[in-house]
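This is my_file36.cif (mmCIF, C-alpha atoms and all ligand atoms).
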```cif
data_upload
#
loop_
_atom_site.label_atom_id
_atom_site.label_comp_id
_atom_site.auth_asym_id
_atom_site.auth_seq_id
_atom_site.Cartn_x
_atom_site.Cartn_y
_atom_site.Cartn_z
CA MET A 20 -99.99 -107.76 -32.34
CA LYS A 21 -103.59 -108.49 -33.32
CA THR A 22 -105.47 -105.64 -35.00
CA THR A 23 -108.96 -105.25 -36.45
CA ALA A 24 -110.28 -102.77 -39.00
CA VAL A 25 -113.65 -102.13 -40.54
CA ALA A 26 -113.99 -100.57 -43.98
CA PRO A 27 -116.92 -99.61 -46.20
CA SER A 28 -117.43 -100.53 -49.82
CA ASN A 29 -117.93 -97.55 -52.10
CA ILE A 30 -119.98 -96.69 -55.14
CA ALA A 31 -118.32 -94.72 -57.93
CA PHE A 32 -120.33 -91.98 -59.66
CA ILE A 33 -117.52 -91.60 -62.21
CA LYS A 34 -115.95 -95.02 -62.61
CA TYR A 35 -112.48 -96.46 -62.80
CA TRP A 36 -112.34 -98.70 -65.87
CA GLY A 37 -109.07 -99.62 -67.52
CA ARG A 38 -105.51 -99.04 -66.34
CA LYS A 39 -102.56 -97.10 -67.65
CA ASN A 40 -100.22 -99.30 -65.60
CA GLU A 41 -101.25 -102.88 -64.81
CA ASP A 42 -98.57 -103.71 -62.22
CA LEU A 43 -99.10 -100.57 -60.15
CA ARG A 44 -102.85 -100.50 -60.73
CA LEU A 45 -102.78 -96.95 -62.04
CA PRO A 46 -106.22 -96.22 -63.48
CA SER A 47 -106.80 -94.71 -66.93
CA ASN A 48 -108.68 -91.82 -65.29
CA ALA A 49 -109.68 -90.17 -62.03
CA SER A 50 -112.85 -91.43 -60.31
CA ILE A 51 -115.33 -90.04 -57.76
CA SER A 52 -117.21 -92.14 -55.22
CA MET A 53 -119.12 -92.29 -51.95
CA ASN A 54 -118.47 -94.75 -49.12
CA LEU A 55 -121.43 -96.91 -48.04
CA ASP A 56 -122.24 -97.54 -44.40
CA ASN A 57 -124.04 -100.89 -44.75
CA LEU A 58 -121.65 -102.69 -47.08
CA LEU A 59 -118.84 -103.41 -44.66
CA THR A 60 -115.86 -105.70 -44.30
CA THR A 61 -114.36 -106.36 -40.88
CA THR A 62 -110.87 -107.89 -40.82
CA THR A 63 -108.58 -109.07 -38.02
CA VAL A 64 -104.88 -109.63 -38.75
CA GLU A 65 -102.21 -111.14 -36.52
CA PHE A 66 -98.55 -111.66 -37.48
CA ALA A 67 -96.95 -114.31 -35.24
CA ASP A 68 -94.19 -116.94 -35.05
CA ASP A 69 -96.89 -119.60 -34.51
CA TYR A 70 -98.02 -119.49 -38.15
CA ASN A 71 -96.04 -121.58 -40.71
CA ALA A 72 -97.93 -120.04 -43.60
CA ASP A 73 -100.48 -117.29 -44.11
CA ILE A 74 -104.01 -118.36 -43.17
CA LEU A 75 -107.11 -116.71 -44.63
CA LYS A 76 -110.73 -117.20 -43.56
CA ILE A 77 -113.57 -115.21 -45.11
CA ASN A 78 -117.07 -115.57 -43.67
CA ASN A 79 -115.96 -118.70 -41.75
CA GLN A 80 -114.59 -120.45 -44.85
CA ASP A 81 -110.91 -121.25 -45.42
CA VAL A 82 -109.78 -119.53 -48.61
CA THR A 83 -107.01 -121.15 -50.71
CA ASN A 84 -107.79 -120.04 -54.27
CA GLU A 85 -106.63 -116.95 -56.18
CA GLY A 86 -108.27 -114.77 -53.53
CA PHE A 87 -105.70 -116.17 -51.11
CA GLU A 88 -102.86 -115.32 -53.52
CA LYS A 89 -104.04 -111.71 -53.78
CA VAL A 90 -104.15 -111.44 -49.98
CA THR A 91 -100.72 -113.06 -49.51
CA LYS A 92 -99.25 -110.70 -52.10
CA HIS A 93 -100.73 -107.77 -50.19
CA LEU A 94 -99.35 -109.11 -46.90
CA ASP A 95 -95.95 -109.31 -48.64
CA ARG A 96 -96.18 -105.57 -49.40
CA VAL A 97 -96.88 -104.92 -45.71
CA ARG A 98 -94.08 -107.28 -44.57
CA LYS A 99 -91.64 -105.48 -46.87
CA LEU A 100 -92.62 -102.06 -45.54
CA ALA A 101 -92.42 -103.20 -41.91
CA ASN A 102 -89.29 -105.26 -42.52
CA ILE A 103 -90.71 -108.41 -40.92
CA ASN A 104 -91.01 -111.96 -42.24
CA LEU A 105 -93.71 -113.41 -40.00
CA HIS A 106 -96.73 -115.17 -41.44
CA ALA A 107 -100.19 -113.87 -40.66
CA LYS A 108 -103.63 -115.13 -39.78
CA VAL A 109 -106.35 -113.08 -41.47
CA VAL A 110 -110.02 -113.49 -40.61
CA SER A 111 -112.54 -111.40 -42.50
CA ASN A 112 -116.34 -111.01 -42.54
CA ASN A 113 -118.42 -109.27 -45.18
CA SER A 114 -121.85 -107.91 -44.31
CA PHE A 115 -122.96 -108.43 -47.94
CA PRO A 116 -122.54 -110.95 -50.81
CA ALA A 117 -119.04 -110.92 -52.37
CA GLY A 118 -118.20 -111.14 -56.08
CA THR A 119 -121.60 -109.81 -57.16
CA GLY A 120 -120.73 -106.27 -58.26
CA LEU A 121 -121.00 -104.66 -54.82
CA SER A 122 -117.24 -104.01 -54.56
CA SER A 123 -116.33 -106.37 -51.73
CA SER A 124 -112.72 -106.09 -52.92
CA ALA A 125 -112.83 -102.34 -52.13
CA SER A 126 -113.98 -102.83 -48.54
CA GLY A 127 -111.90 -106.01 -48.25
CA PHE A 128 -108.55 -104.54 -49.30
CA ALA A 129 -109.15 -101.28 -47.41
CA ALA A 130 -109.83 -103.22 -44.18
CA LEU A 131 -106.89 -105.57 -44.83
CA THR A 132 -104.53 -102.65 -45.51
CA LEU A 133 -105.41 -100.82 -42.32
CA ALA A 134 -105.52 -103.93 -40.10
CA ALA A 135 -102.32 -105.48 -41.50
CA THR A 136 -100.21 -102.31 -41.38
CA ALA A 137 -101.29 -101.62 -37.79
CA ALA A 138 -100.69 -105.27 -36.82
CA ALA A 139 -97.18 -105.01 -38.32
CA GLY A 140 -96.50 -101.95 -36.16
CA LEU A 141 -96.62 -99.43 -39.02
CA LYS A 142 -98.25 -96.04 -38.61
CA LEU A 143 -99.09 -94.86 -42.12
CA SER A 144 -100.74 -91.61 -43.15
CA GLN A 145 -104.12 -91.74 -44.87
CA LYS A 146 -102.39 -91.04 -48.19
CA GLU A 147 -99.91 -93.89 -47.65
CA LEU A 148 -102.74 -96.26 -46.69
CA SER A 149 -104.66 -95.29 -49.81
CA ILE A 150 -101.61 -95.88 -52.05
CA LEU A 151 -101.06 -99.29 -50.47
CA ALA A 152 -104.75 -100.29 -50.62
CA ARG A 153 -104.79 -99.35 -54.34
CA GLN A 154 -102.14 -101.99 -55.03
CA GLY A 155 -104.39 -104.69 -53.55
CA SER A 156 -107.51 -103.64 -55.43
CA GLY A 157 -107.81 -100.29 -57.20
CA SER A 158 -111.12 -99.08 -55.83
CA ALA A 159 -110.01 -100.02 -52.28
CA CYS A 160 -107.98 -96.78 -52.22
CA ARG A 161 -111.31 -94.87 -52.19
CA SER A 162 -112.54 -96.73 -49.09
CA ILE A 163 -109.75 -95.29 -46.90
CA PRO A 164 -110.78 -91.58 -46.66
CA ASN A 165 -114.16 -90.38 -45.37
CA GLY A 166 -117.39 -89.67 -47.20
CA PHE A 167 -117.30 -88.38 -50.78
CA VAL A 168 -113.95 -89.20 -52.34
CA GLU A 169 -111.79 -88.49 -55.38
CA TRP A 170 -109.13 -90.92 -56.59
CA LEU A 171 -106.63 -88.57 -58.21
CA ASP A 172 -105.36 -89.24 -61.70
CA GLY A 173 -101.68 -89.60 -60.81
CA ASP A 174 -99.06 -90.92 -63.22
CA THR A 175 -96.94 -92.53 -60.50
CA SER A 176 -97.67 -94.78 -57.53
CA GLU A 177 -97.01 -91.89 -55.13
CA THR A 178 -99.52 -89.61 -56.83
CA SER A 179 -102.31 -92.16 -57.40
CA TYR A 180 -104.35 -92.10 -54.21
CA ALA A 181 -107.76 -91.02 -52.95
CA GLU A 182 -108.70 -88.10 -50.77
CA SER A 183 -111.92 -86.87 -49.22
CA LEU A 184 -113.82 -84.16 -51.09
CA TYR A 185 -116.55 -83.88 -48.43
CA PRO A 186 -117.24 -85.70 -45.16
CA GLU A 187 -119.98 -88.34 -44.89
CA ASN A 188 -122.52 -85.91 -43.40
CA TYR A 189 -122.10 -83.41 -46.27
CA TRP A 190 -125.16 -84.47 -48.28
CA ASN A 191 -128.19 -86.55 -47.22
CA LEU A 192 -128.10 -89.13 -49.98
CA THR A 193 -129.27 -92.74 -49.75
CA ASP A 194 -127.94 -95.59 -51.86
CA ILE A 195 -130.39 -98.49 -52.02
CA VAL A 196 -128.68 -101.63 -53.24
CA ALA A 197 -131.04 -104.01 -55.00
CA VAL A 198 -129.62 -107.52 -54.62
CA LEU A 199 -130.93 -109.44 -57.63
CA THR A 200 -128.54 -112.37 -57.47
CA ARG A 201 -125.86 -113.79 -55.20
CA GLU A 202 -124.26 -115.66 -58.11
CA VAL A 203 -120.58 -114.81 -58.42
CA LYS A 204 -119.84 -113.01 -61.71
CA GLU A 205 -118.22 -115.01 -64.53
CA VAL A 206 -115.43 -112.56 -65.33
CA ALA A 207 -113.54 -110.96 -62.46
CA THR A 208 -113.15 -107.18 -62.50
CA THR A 209 -109.35 -107.51 -62.70
CA GLU A 210 -109.72 -109.25 -66.06
CA GLY A 211 -112.33 -106.73 -67.21
CA HIS A 212 -109.91 -103.81 -66.75
CA LYS A 213 -107.46 -105.49 -69.13
CA LEU A 214 -110.08 -105.69 -71.86
CA ALA A 215 -111.29 -102.07 -71.61
CA THR A 216 -109.01 -100.55 -74.27
CA ALA A 217 -110.26 -103.10 -76.82
CA SER A 218 -113.59 -101.29 -77.02
CA ALA A 219 -113.86 -98.85 -79.93
CA PHE A 220 -115.58 -96.45 -77.51
CA PHE A 221 -112.79 -96.37 -74.95
CA GLU A 222 -110.89 -93.54 -76.62
CA THR A 223 -114.01 -91.38 -76.80
CA ARG A 224 -114.56 -92.02 -73.11
CA GLN A 225 -111.02 -90.91 -72.32
CA ASP A 226 -111.48 -87.74 -74.41
CA ASN A 227 -114.49 -86.73 -72.30
CA ILE A 228 -113.61 -88.07 -68.88
CA ASN A 229 -111.97 -84.96 -67.40
CA HIS A 230 -115.01 -82.92 -68.34
CA LYS A 231 -117.23 -85.50 -66.60
CA ILE A 232 -115.08 -85.34 -63.48
CA SER A 233 -115.40 -81.56 -63.32
CA GLU A 234 -119.17 -81.74 -63.99
CA ILE A 235 -119.80 -84.19 -61.15
CA LYS A 236 -117.66 -82.07 -58.84
CA THR A 237 -119.84 -79.06 -59.72
CA ALA A 238 -122.98 -81.12 -58.99
CA LEU A 239 -121.53 -82.16 -55.63
CA ALA A 240 -120.43 -78.63 -54.75
CA LYS A 241 -123.90 -77.24 -55.53
CA LYS A 242 -125.74 -80.30 -54.16
CA ASP A 243 -127.59 -80.28 -57.48
CA PHE A 244 -129.25 -83.71 -57.30
CA THR A 245 -130.69 -83.66 -60.84
CA LEU A 246 -127.34 -82.85 -62.43
CA PHE A 247 -125.62 -85.34 -60.13
CA GLY A 248 -128.08 -88.13 -60.93
CA GLU A 249 -128.08 -87.57 -64.67
CA ILE A 250 -124.28 -87.70 -64.85
CA THR A 251 -124.12 -90.77 -62.56
CA GLU A 252 -126.67 -92.78 -64.52
CA ALA A 253 -125.20 -91.84 -67.93
CA GLU A 254 -121.75 -92.83 -66.64
CA ALA A 255 -122.99 -96.27 -65.57
CA LEU A 256 -124.48 -96.83 -69.03
CA GLU A 257 -121.25 -95.66 -70.68
CA LEU A 258 -119.23 -98.09 -68.54
CA HIS A 259 -121.46 -100.96 -69.62
CA ALA A 260 -121.39 -99.81 -73.27
CA ILE A 261 -117.61 -100.26 -73.10
CA MET A 262 -117.88 -103.63 -71.38
CA ILE A 263 -120.41 -104.92 -73.89
CA THR A 264 -118.20 -103.91 -76.83
CA THR A 265 -114.92 -105.57 -75.82
CA ILE A 266 -113.90 -108.94 -77.22
CA PRO A 267 -114.88 -111.13 -75.48
CA SER A 268 -117.86 -108.98 -74.48
CA LEU A 269 -118.66 -108.56 -70.80
CA ILE A 270 -122.38 -108.73 -70.20
CA TYR A 271 -122.88 -108.45 -66.46
CA TRP A 272 -126.61 -107.63 -66.52
CA HIS A 273 -129.36 -110.14 -65.84
CA PRO A 274 -132.89 -109.61 -67.21
CA THR A 275 -133.86 -108.35 -63.75
CA THR A 276 -131.13 -105.67 -63.97
CA ILE A 277 -133.03 -104.12 -66.88
CA THR A 278 -136.35 -104.50 -65.03
CA LEU A 279 -134.81 -102.48 -62.19
CA MET A 280 -133.41 -99.81 -64.52
CA LYS A 281 -136.86 -99.35 -66.03
CA ALA A 282 -138.45 -99.22 -62.57
CA VAL A 283 -136.11 -96.35 -61.66
CA LYS A 284 -136.99 -94.47 -64.84
CA ARG A 285 -140.69 -95.01 -64.06
CA LEU A 286 -140.15 -93.58 -60.58
CA ARG A 287 -138.75 -90.43 -62.15
CA ALA A 288 -141.66 -90.18 -64.56
CA GLU A 289 -143.92 -90.26 -61.49
CA GLY A 290 -141.99 -87.38 -59.94
CA ILE A 291 -139.75 -89.28 -57.49
CA GLU A 292 -136.14 -88.52 -58.33
CA ALA A 293 -133.85 -91.55 -58.21
CA TYR A 294 -130.99 -92.71 -60.46
CA PHE A 295 -129.29 -96.05 -60.94
CA THR A 296 -125.67 -97.07 -61.25
CA ILE A 297 -124.17 -100.53 -61.77
CA ASN A 298 -120.65 -101.97 -61.46
CA THR A 299 -119.31 -105.34 -62.60
CA GLY A 300 -122.31 -107.43 -61.67
CA ALA A 301 -126.04 -107.72 -62.09
CA ASN A 302 -126.95 -105.92 -58.87
CA VAL A 303 -128.10 -102.31 -58.99
CA HIS A 304 -127.47 -99.24 -56.81
CA VAL A 305 -130.37 -96.78 -56.71
CA ILE A 306 -129.45 -93.34 -55.38
CA CYS A 307 -131.94 -90.78 -54.09
CA GLU A 308 -132.13 -87.92 -51.63
CA THR A 309 -132.79 -89.30 -48.16
CA LYS A 310 -136.16 -87.49 -47.94
CA ASN A 311 -137.38 -89.90 -50.68
CA ALA A 312 -135.60 -93.02 -49.40
CA ASP A 313 -138.63 -94.74 -47.83
CA LYS A 314 -140.76 -94.36 -50.93
CA VAL A 315 -137.94 -95.48 -53.24
CA SER A 316 -137.00 -98.44 -50.98
CA LYS A 317 -140.61 -99.65 -50.95
CA ILE A 318 -140.95 -99.56 -54.72
CA ILE A 319 -137.53 -101.15 -55.31
CA SER A 320 -138.16 -103.96 -52.82
CA GLU A 321 -141.52 -104.69 -54.49
CA THR A 322 -139.95 -104.85 -57.98
CA LYS A 323 -139.90 -108.31 -59.55
CA GLY A 324 -136.59 -110.11 -59.08
CA VAL A 325 -135.36 -108.13 -56.06
CA GLU A 326 -134.19 -110.60 -53.39
CA GLN A 327 -133.07 -108.07 -50.82
CA ILE A 328 -132.39 -104.37 -50.46
CA ILE A 329 -129.49 -102.89 -48.50
CA VAL A 330 -130.04 -99.24 -47.56
CA ASN A 331 -126.86 -97.17 -47.25
CA LYS A 332 -125.98 -93.70 -46.07
CA PRO A 333 -122.64 -92.04 -46.93
CA SER A 334 -120.00 -93.45 -44.60
CA LYS A 335 -116.67 -92.56 -43.08
CA GLY A 336 -113.68 -94.48 -44.40
CA ALA A 337 -111.68 -97.35 -42.90
CA SER A 338 -111.12 -97.32 -39.13
CA LEU A 339 -109.58 -99.47 -36.43
CA ILE A 340 -111.89 -101.13 -33.89
CA SER A 341 -111.21 -103.10 -30.73
CA ASN A 342 -113.49 -106.15 -31.29
CA HIS A 343 -111.31 -108.86 -32.81
CA LEU A 344 -112.74 -111.69 -34.92
CA PHE A 345 -110.47 -114.33 -33.27
O1 LIG A 401 -111.16 -101.86 -57.97
P1 LIG A 401 -111.63 -102.91 -58.89
O2 LIG A 401 -110.51 -103.57 -59.63
O3 LIG A 401 -112.55 -103.87 -58.20
O4 LIG A 401 -112.49 -102.17 -60.06
C1 LIG A 401 -113.66 -101.41 -59.83
C2 LIG A 401 -114.40 -101.24 -61.11
C3 LIG A 401 -115.79 -100.66 -61.01
O5 LIG A 401 -116.44 -101.07 -59.83
C4 LIG A 401 -116.62 -101.14 -62.21
C5 LIG A 401 -115.77 -99.14 -61.09
C6 LIG A 401 -115.33 -98.40 -59.86
O6 LIG A 401 -114.73 -97.34 -60.02
O7 LIG A 401 -115.64 -98.84 -58.73
#
```
Output the structure of this file as structure tokens.
Amino acid sequence: MKTTAVAPSNIAFIKYWGRKNEDLRLPSNASISMNLDNLLTTTTVEFADDYNADILKINNQDVTNEGFEKVTKHLDRVRKLANINLHAKVVSNNSFPAGTGLSSSASGFAALTLAATAAAGLKLSQKELSILARQGSGSACRSIPNGFVEWLDGDTSETSYAESLYPENYWNLTDIVAVLTREVKEVATTEGHKLATASAFFETRQDNINHKISEIKTALAKKDFTLFGEITEAEALELHAIMITTIPSLIYWHPTTITLMKAVKRLRAEGIEAYFTINTGANVHVICETKNADKVSKIISETKGVEQIIVNKPSKGASLISNHLF
């Protein structure tokens, strides 16, 4: 059977950084995120006798490097669950640049998980899909459920999955992605996670993380945008403080990243509330209430170094669609 899924990327307000179990991809802490409706991966999967090996195409390019190995390993998980040994053809398109800190592995592995399990004839629950997606790429587990999502801090594979806190229409927020570079980052996120505990600040982060999780949940429950934004921005800076202080240090920012951060602070000084957050890349997410989105988008797109903006609303999670890519 041939099956196609579309899945959103997501932006974490409280981040996943570091793992307590490498093999199972169990994160050091819980994380909270929002799915993004304009950062999408669409993936078609077909298992068939005709294929002598797995085939992977992303954005019309054959993929044979370590990205291919990660996908084949994930297909193996699906084959094992479905008890089949057919090879698969996988064709995938991203609506945004991959490997630049916009979490294409989250949308990618969420779409692959849903499309591949359905193509293999499996009917998994949302929780089972999230657990499986997590094993492909951690943050992919958060792109399975709808809207605003929590990845629970489980100690086992069965308890480490994401669930929806609120649906996508719960809060009118806009996430404006400022694309500053399409250059692929030098150190992959997977490697970054392994270095996290080497930072002297990691332990302090762990001591405070549960408090942060409950604070952001309060901000979400009350729709308190100031509290929400302050926690989100401070969390992004804390994440990068840890990255910068590992050995080797991970410096993902470009000079234009700092220009953007300062532009956001200036916006606030002028009375327009917006906050930034950044993952493993130079590109920046700017979050505001939708009533301010036009003003913020205009100023961000006019900021020096911004190549493109991608305006996102909160999105539902991964879903099956009927338009196949091949
Ligand atoms: O899921 P991964 O391995 O791509 O790691 C995601 C790491 C961050 O984007 C920096 C944080 C997060 O929670 O999304």
> What's the 12 Å shell around Glu85 (chain A), counting only C-alpha atoms, without same-chain residues fewer than 5 positions away, as a list in words?
Replying inline: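 Near neighbours after the sequence-gap exclusion: Leu75, Val90, Thr91, Lys92, Ala207 and Thr209 of chain A.
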Centre and edges of the ligand LIG 401 (chain A) box, axis-aligned, 3 Å extra per side, as JSON:
```
{"center_x": -113.6, "center_y": -100.6, "center_z": -60.1, "size_x": 12.1, "size_y": 12.5, "size_z": 10.2}
```
> Could you name the residues that touch Thr62 (chain A) at 10 Å or less, counting only C-alpha atoms, but leaving out those on the same chain fewer than 5 positions away, as a ChimeraX atom specification?
Replying inline: /A:22-26,76-77,109-113,126-135,339-340,343-345
> Got a sec to check which residues lie within 6 Å of ligand LIG 401 (chain A), using only C-alpha atoms and all ligand atoms, and send them as a list in words?
Replying inline: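 Written in the requested form, the residues are Ala31, Lys34, Tyr35, Trp36, Ser122, Ser124, Ser156, Gly157, Ser158, Thr208, Thr209, Asn298 and Thr299 of chain A.
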>> Calculated over only C-alpha atoms, which of the candidates A:Glu222, A:Glu205, A:Asp313, A:Asp172 has the smallest distance to Ala49 (chain A)?
In response: A:Asp172
>> Taking only C-alpha atoms into account, name the residue in A:Glu254, A:Asp226, A:Ile277, A:Val196 that is nearest to Val303 (chain A).
In response: A:Val196
> CA of Gly140 (chain A) and CA of Arg96 (chain A), how far apart in Å?
Replying inline: 13.7 Å
>> Which residue is closest to Tyr180 (chain A)? Choose from A:Ala197, A:Leu59, A:Leu43, A:Ile150 and count all atoms listed in the file.
In response: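 Looking at the shortest contact to Tyr180 (chain A), the residue is A:Ile150.
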> What is the CA of Thr322 (chain A)-CA of Leu279 (chain A) distance in Å, reported with one decimal?
Replying inline: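 Straight-line distance from CA of Thr322 (chain A) to CA of Leu279 (chain A) works out to 7.1 Å.
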>> To one decimal place in Å, what is the distance between CA of Ala152 (chain A) and CA of Pro164 (chain A)?
In response: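 CA of Ala152 (chain A) sits 11.3 Å away from CA of Pro164 (chain A).
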>> Here is a test: counting only C-alpha atoms, which residue of A:Asp194, A:Glu147, A:Glu321, A:Glu169 is nearest to Ile33 (chain A)?
In response: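 Comparing A:Asp194, A:Glu147, A:Glu321, A:Glu169 against Ile33 (chain A), the winner is A:Glu169.
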>> I'd like the neighbourhood of region 326-334 of chain A as a ChimeraX atom specification, where a residue qualifies if any of its atoms comes within 8 Å (using only C-alpha atoms), though same-chain residues fewer than 2 positions away should be ignored.
In response: /A:27,53-58,165-167,187-188,191-200,316,319-320,324,336
